[in-house]
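*Asks:* Take a look at the following structure, please.
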Amino acid sequence: MNVPALVNPELQVAAVPAAAQRSLAREWRLASRTVRVSAGCLTLFYMFAAVSPFFASYDPIYQNRRMPDCPPMQLHLSAPSYWSHGLLWTDPLTMSDAEARTYVADTSHRIYIHFFSGGHLFTTDSETEPFYLLGSDSLGRDLYSRIVYGARVSMCVGLVGVLITFSLGIVVGSLSGYVGGLTDNLIMRWSEIEMSLPSFYFLLALAAIIPPGIGAAERFLMIVAIMSFIGWAGLARVIRGMASSVRSNPYVEAARALGGSRWRIITQHVIPSVIGYAIVAATLSIPGFILGESALSLLGLGIQEPTPSWGNLLSEAMDPQNLARYPWILIPGIFIFLTVMSFNFLGDHLRDRFDPSNAR
């Protein structure tokens with residue numbers, strides 16, 4: 001009798017990442033162009049958050065008082081004979097009217113842009129002669145650098161908030177749906193009380209009691225905790241309904257008949273059956289956390305100056321006169337819009353892929 005040869009365990013381990021790569025490549029091919037662009041935008045923004053000092057040109061809190069409300073500066077391509085100085089250059093701007101804050105180009109010399117210099121993607125020789133890609137704010141701080149550093153807050157608040165909210169919602173909802181009885185009634189009545197509260201006004205009330213003297217990291221964690229406390233109830237109700245239908249499935253009844261503990265059945269059978277929906281719902285819920293943090297920071301109840309977030313960067317745009325005179329201060333809102341839409345497109349794609357009727 002022929003005995004089948006044993007498979008080398010190292011080859012089995014190596015086959016797992018290869019299969020994952022093929023699966024990711026297949027998903028990328030099946031994705032629409034909109035989903036690909038959305039994934040690219042989110043990847044770039046999370047890279048901003050991960051390596052902010054590299055992407056930012058300057059210190060985000062450095063104030064160049066000689067150039068407040070400076071417009072975005074124009075780039076020019078250097079002639080080949082000047083490529084040793086820099087591939088791109090811009091004209092320095094000088095303020096011609098301090099009251100109106102208008103600028104004129106100084107053509108007496110050039111400011112060359114240096115790539116991968118000083119630990120930055122691009123920068124200039126000195127902060128006193130800067131290149132403002134997206135302009136500056138009222139204190140002369142580089143808006144592009146502040147947007148890059150603001151991604152640390154605005155992009156991470158969604159992930160941390162969803163991690164807390166969905167961990168709590170999945171566990172509580174699965175427990176309620178599987179156990180039933182008095183436990184189910186108590187948990188669902190409490191979640192209904194939370195869902196009946198006007199979420200945004202409740203969020204404002206809770207954020208207003210945050211002590212004003214705490215640091216940026218503590219304030220960030222408290223804001224995420226407050227938003228997570230508000231958002232878990234809706235998910236728990238949906239998961240509870242799914243768990244109630246799962247508990248009568250044959251494999252759950254078999255696990256119960258074999259003597260499996262309640263906690264083991266919930267973690268090994270009930271939660272895995274609802275995790276697909278939870279992933280899609282989490283992706284679609286991240287924009288809510290980002291918008292919530294942005295709204296709080298815009299109203300002065302969130303991340304405080306000088307720590308940047310995309311929400312508090314829009315505070316100057318609340319004045320219509322500032323918006324009319326310096327329209328580039330609205331650029332952080334474009335990043336919020338792109339992030340929210342990217343998550344929505346990605347969530348729609350995942351929902352279609354997890355739908356059994358759309359299996360391909």
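Simple scheme: letters A, B, ... for chains in structure tokens order, numbers from 1 for residues in each chain, numbers from 1 for ligands in the order shown.
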So that I can check the surroundings of A:Thr339, please list as JSON, numbers by chain every protein, DNA and RNA residue that reaches within 7 Å of it, counting only C-alpha atoms and ignoring chain neighbours fewer than 4 positions away.

*Replies:* {"A": [42, 335, 343]}

*Asks:* Excluding A:Phe122 and its own-chain neighbours fewer than 3 positions away, which residues fall within 9 Å of it when counting only C-alpha atoms? Please give them as a list in words.

*Replies:*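 Skipping anything fewer than 3 positions along the chain leaves Phe54, Phe55, Ala56, Ser57, Ile113, His114, Phe115, Phe116, Ser117, Gly118 and Gly119 of chain A.
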
*Asks:* Just the strand (DSSP E or B) stuff from stretch 67-191 of chain A, please, per backbone DSSP, written as JSON, numbers by chain.

*Replies:* {"A": [76, 77, 88, 89, 90, 93, 94, 95, 96, 97, 102, 103, 104, 105, 111, 112, 113, 114, 115, 116, 117, 120, 121, 122, 123, 136, 142]}

*Asks:* From the DSSP assignment of the backbone, select every residue of stretch 59-307 of chain A that is alpha helix (DSSP H), and format the answer as a VMD selection string.

*Replies:* chain A and resid 143 to 179 181 to 196 199 to 208 216 to 246 250 to 257 262 to 265 271 to 298

*Asks:* Store the residues picked out above, limited to C-alpha atoms, as a short mmCIF file (atom, residue, chain, number, x, y, z; two decimals), in the first residue's frame.

*Replies:*
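Done, and the output landed in result_23.cif:
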data_model
loop_
_atom_site.label_atom_id
_atom_site.label_comp_id
_atom_site.auth_asym_id
_atom_site.auth_seq_id
_atom_site.Cartn_x
_atom_site.Cartn_y
_atom_site.Cartn_z
CA LEU A 143 -1.70 74.54 6.76
CA TYR A 144 -0.42 71.46 4.92
CA SER A 145 1.76 70.41 7.88
CA ARG A 146 -1.13 70.92 10.27
CA ILE A 147 -3.42 68.82 8.08
CA VAL A 148 -0.84 66.02 8.05
CA TYR A 149 -0.47 66.08 11.83
CA GLY A 150 -4.24 66.47 12.22
CA ALA A 151 -4.67 63.09 10.55
CA ARG A 152 -3.28 61.52 13.74
CA VAL A 153 -6.44 62.55 15.56
CA SER A 154 -9.08 62.53 12.84
CA MET A 155 -8.08 59.20 11.26
CA CYS A 156 -7.37 57.36 14.51
CA VAL A 157 -10.53 58.45 16.32
CA GLY A 158 -12.61 56.33 13.93
CA LEU A 159 -10.53 53.18 14.36
CA VAL A 160 -10.26 53.42 18.15
CA GLY A 161 -13.93 54.35 18.51
CA VAL A 162 -15.13 51.52 16.30
CA LEU A 163 -12.86 49.05 18.10
CA ILE A 164 -14.45 49.96 21.44
CA THR A 165 -18.02 50.33 20.19
CA PHE A 166 -18.13 47.16 18.13
CA SER A 167 -16.33 45.03 20.69
CA LEU A 168 -18.91 46.12 23.25
CA GLY A 169 -21.86 45.88 20.86
CA ILE A 170 -20.95 42.43 19.55
CA VAL A 171 -20.33 40.90 22.99
CA VAL A 172 -23.39 42.47 24.62
CA GLY A 173 -25.67 41.79 21.65
CA SER A 174 -24.53 38.17 21.31
CA LEU A 175 -24.97 37.58 25.04
CA SER A 176 -28.43 39.13 25.03
CA GLY A 177 -29.61 37.23 21.96
CA TYR A 178 -28.28 33.85 23.05
CA VAL A 179 -29.20 33.94 26.74
CA GLY A 181 -35.00 35.95 29.28
CA LEU A 182 -34.48 38.60 31.94
CA THR A 183 -30.92 39.33 30.80
CA ASP A 184 -32.16 40.03 27.30
CA ASN A 185 -34.92 42.33 28.55
CA LEU A 186 -32.62 44.35 30.81
CA ILE A 187 -29.93 44.82 28.16
CA MET A 188 -32.40 45.77 25.41
CA ARG A 189 -34.31 48.23 27.59
CA TRP A 190 -31.05 49.94 28.53
CA SER A 191 -29.98 50.12 24.88
CA GLU A 192 -33.37 51.58 23.94
CA ILE A 193 -32.94 54.28 26.57
CA GLU A 194 -29.57 55.23 25.06
CA MET A 195 -30.96 55.17 21.53
CA SER A 196 -33.82 57.47 22.54
CA SER A 199 -27.02 61.64 20.25
CA PHE A 200 -25.36 64.87 19.14
CA TYR A 201 -26.76 66.99 21.98
CA PHE A 202 -25.96 64.23 24.45
CA LEU A 203 -22.44 64.17 23.02
CA LEU A 204 -22.15 67.94 23.48
CA ALA A 205 -23.33 67.66 27.07
CA LEU A 206 -20.83 64.94 27.92
CA ALA A 207 -17.96 66.68 26.11
CA ALA A 208 -18.66 69.92 27.98
CA ALA A 216 -4.30 66.34 24.27
CA ALA A 217 -3.90 62.55 24.63
CA GLU A 218 -6.24 62.38 27.64
CA ARG A 219 -8.81 64.57 25.90
CA PHE A 220 -8.61 62.38 22.80
CA LEU A 221 -9.23 59.22 24.83
CA MET A 222 -12.14 60.81 26.70
CA ILE A 223 -13.77 61.96 23.46
CA VAL A 224 -13.44 58.47 21.97
CA ALA A 225 -14.86 56.93 25.15
CA ILE A 226 -17.83 59.31 25.11
CA MET A 227 -18.59 58.61 21.44
CA SER A 228 -18.23 54.87 22.00
CA PHE A 229 -20.60 55.01 24.97
CA ILE A 230 -23.23 56.59 22.73
CA GLY A 231 -22.79 54.37 19.66
CA TRP A 232 -22.84 50.78 20.94
CA ALA A 233 -26.59 50.43 21.59
CA GLY A 234 -27.75 50.40 17.97
CA LEU A 235 -25.28 47.70 16.97
CA ALA A 236 -26.13 45.62 20.04
CA ARG A 237 -29.80 45.51 19.03
CA VAL A 238 -28.97 44.31 15.52
CA ILE A 239 -26.49 41.70 16.78
CA ARG A 240 -29.05 40.55 19.35
CA GLY A 241 -31.55 39.77 16.58
CA MET A 242 -28.95 37.87 14.59
CA ALA A 243 -27.79 35.93 17.66
CA SER A 244 -31.39 34.98 18.49
CA SER A 245 -31.76 33.33 15.09
CA VAL A 246 -28.34 31.65 15.30
CA PRO A 250 -28.13 22.73 14.40
CA TYR A 251 -24.43 23.35 15.06
CA VAL A 252 -25.25 25.53 18.09
CA GLU A 253 -27.65 22.93 19.45
CA ALA A 254 -25.02 20.23 18.87
CA ALA A 255 -22.44 22.25 20.82
CA ARG A 256 -24.94 22.67 23.64
CA ALA A 257 -25.73 18.94 23.64
CA ARG A 262 -22.46 29.21 27.45
CA TRP A 263 -19.44 31.47 27.03
CA ARG A 264 -17.70 28.97 24.74
CA ILE A 265 -20.77 28.66 22.51
CA ILE A 271 -19.98 35.71 17.42
CA PRO A 272 -18.27 34.20 14.30
CA SER A 273 -21.69 33.96 12.64
CA VAL A 274 -22.30 37.71 12.99
CA ILE A 275 -18.77 38.99 12.43
CA GLY A 276 -19.27 39.46 8.68
CA TYR A 277 -22.09 41.94 9.23
CA ALA A 278 -20.10 43.61 12.02
CA ILE A 279 -17.13 44.27 9.71
CA VAL A 280 -19.34 45.96 7.14
CA ALA A 281 -21.19 47.96 9.80
CA ALA A 282 -17.90 49.02 11.39
CA THR A 283 -16.59 50.33 8.07
CA LEU A 284 -19.76 52.33 7.53
CA SER A 285 -19.66 53.68 11.11
CA ILE A 286 -16.12 55.07 11.08
CA PRO A 287 -17.21 58.28 9.26
CA GLY A 288 -19.64 58.98 12.10
CA PHE A 289 -16.79 59.03 14.61
CA ILE A 290 -14.69 61.27 12.36
CA LEU A 291 -17.56 63.71 11.85
CA GLY A 292 -18.37 63.66 15.55
CA GLU A 293 -14.81 64.54 16.55
CA SER A 294 -14.66 67.20 13.84
CA ALA A 295 -17.90 68.77 15.06
CA LEU A 296 -16.73 68.82 18.69
CA SER A 297 -13.35 70.29 17.76
CA LEU A 298 -15.02 72.84 15.49
#

*Asks:* Which residues of stretch 22-68 of chain A sit at most 10 Å from stretch 91-110 of chain A, using only C-alpha atoms? Give each one's shortest atom pair and distance in Å (one decimal place), in chain and ascending residue order, as CSV.

*Replies:*
residue,atom,partner,partner_atom,distance
A:Arg66,CA,A:Met95,CA,7.7
A:Met67,CA,A:Met95,CA,7.0
A:Pro68,CA,A:Arg101,CA,7.5

*Asks:* Any idea what the distance is between atom CA of A:Trp89 and atom CA of A:Asp69?

*Replies:* 20.7 Å

*Asks:* Between A:Ala324, A:Leu338, A:Arg247, A:Leu75, which has the minimum distance to A:Gly180 (counting only C-alpha atoms)?

*Replies:*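 Checking each candidate against A:Gly180, we get A:Arg247 as the closest.
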
*Asks:* Give me the residues near A:Met73 as an mmCIF file with C-alpha atoms, in the first residue's frame, where near means some atom within 8 Å (using only C-alpha atoms) and where sequence neighbours in that chain fewer than 3 positions away do not count.

*Replies:*
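So out-v7.cif came out as:
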data_model
loop_
_atom_site.group_PDB
_atom_site.id
_atom_site.type_symbol
_atom_site.label_atom_id
_atom_site.label_comp_id
_atom_site.auth_asym_id
_atom_site.auth_seq_id
_atom_site.Cartn_x
_atom_site.Cartn_y
_atom_site.Cartn_z
ATOM 1 C CA THR A 90 8.691 79.027 -5.999
ATOM 2 C CA ASP A 91 8.816 82.786 -5.664
ATOM 3 C CA PHE A 131 6.943 76.945 0.874
ATOM 4 C CA TYR A 132 3.264 76.853 1.782
ATOM 5 C CA LEU A 133 1.695 74.228 -0.438
ATOM 6 C CA LEU A 134 -1.818 74.869 0.906
ATOM 7 C CA GLY A 135 -1.249 78.321 2.386
#

*Asks:* Give me, please, the distance in Å between atom CA of A:Ile61 and atom CA of A:Asp125, quoted to one decimal.

*Replies:*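 Rounded to one decimal, the two atoms are 18.3 Å apart.
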
*Asks:* Which distance in Å separates atom CA of A:Pro308 and atom CA of A:Pro60, to one decimal?

*Replies:*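 Rounded to one decimal, the two atoms are 7.7 Å apart.
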
*Asks:* With only C-alpha atoms as the atoms that count, which of A:Leu121, A:Arg36, A:Ile111, A:Val51 lies nearest to A:Leu77?

*Replies:*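 Once distances to A:Leu77 are computed over only C-alpha atoms, the minimum belongs to A:Ile111.
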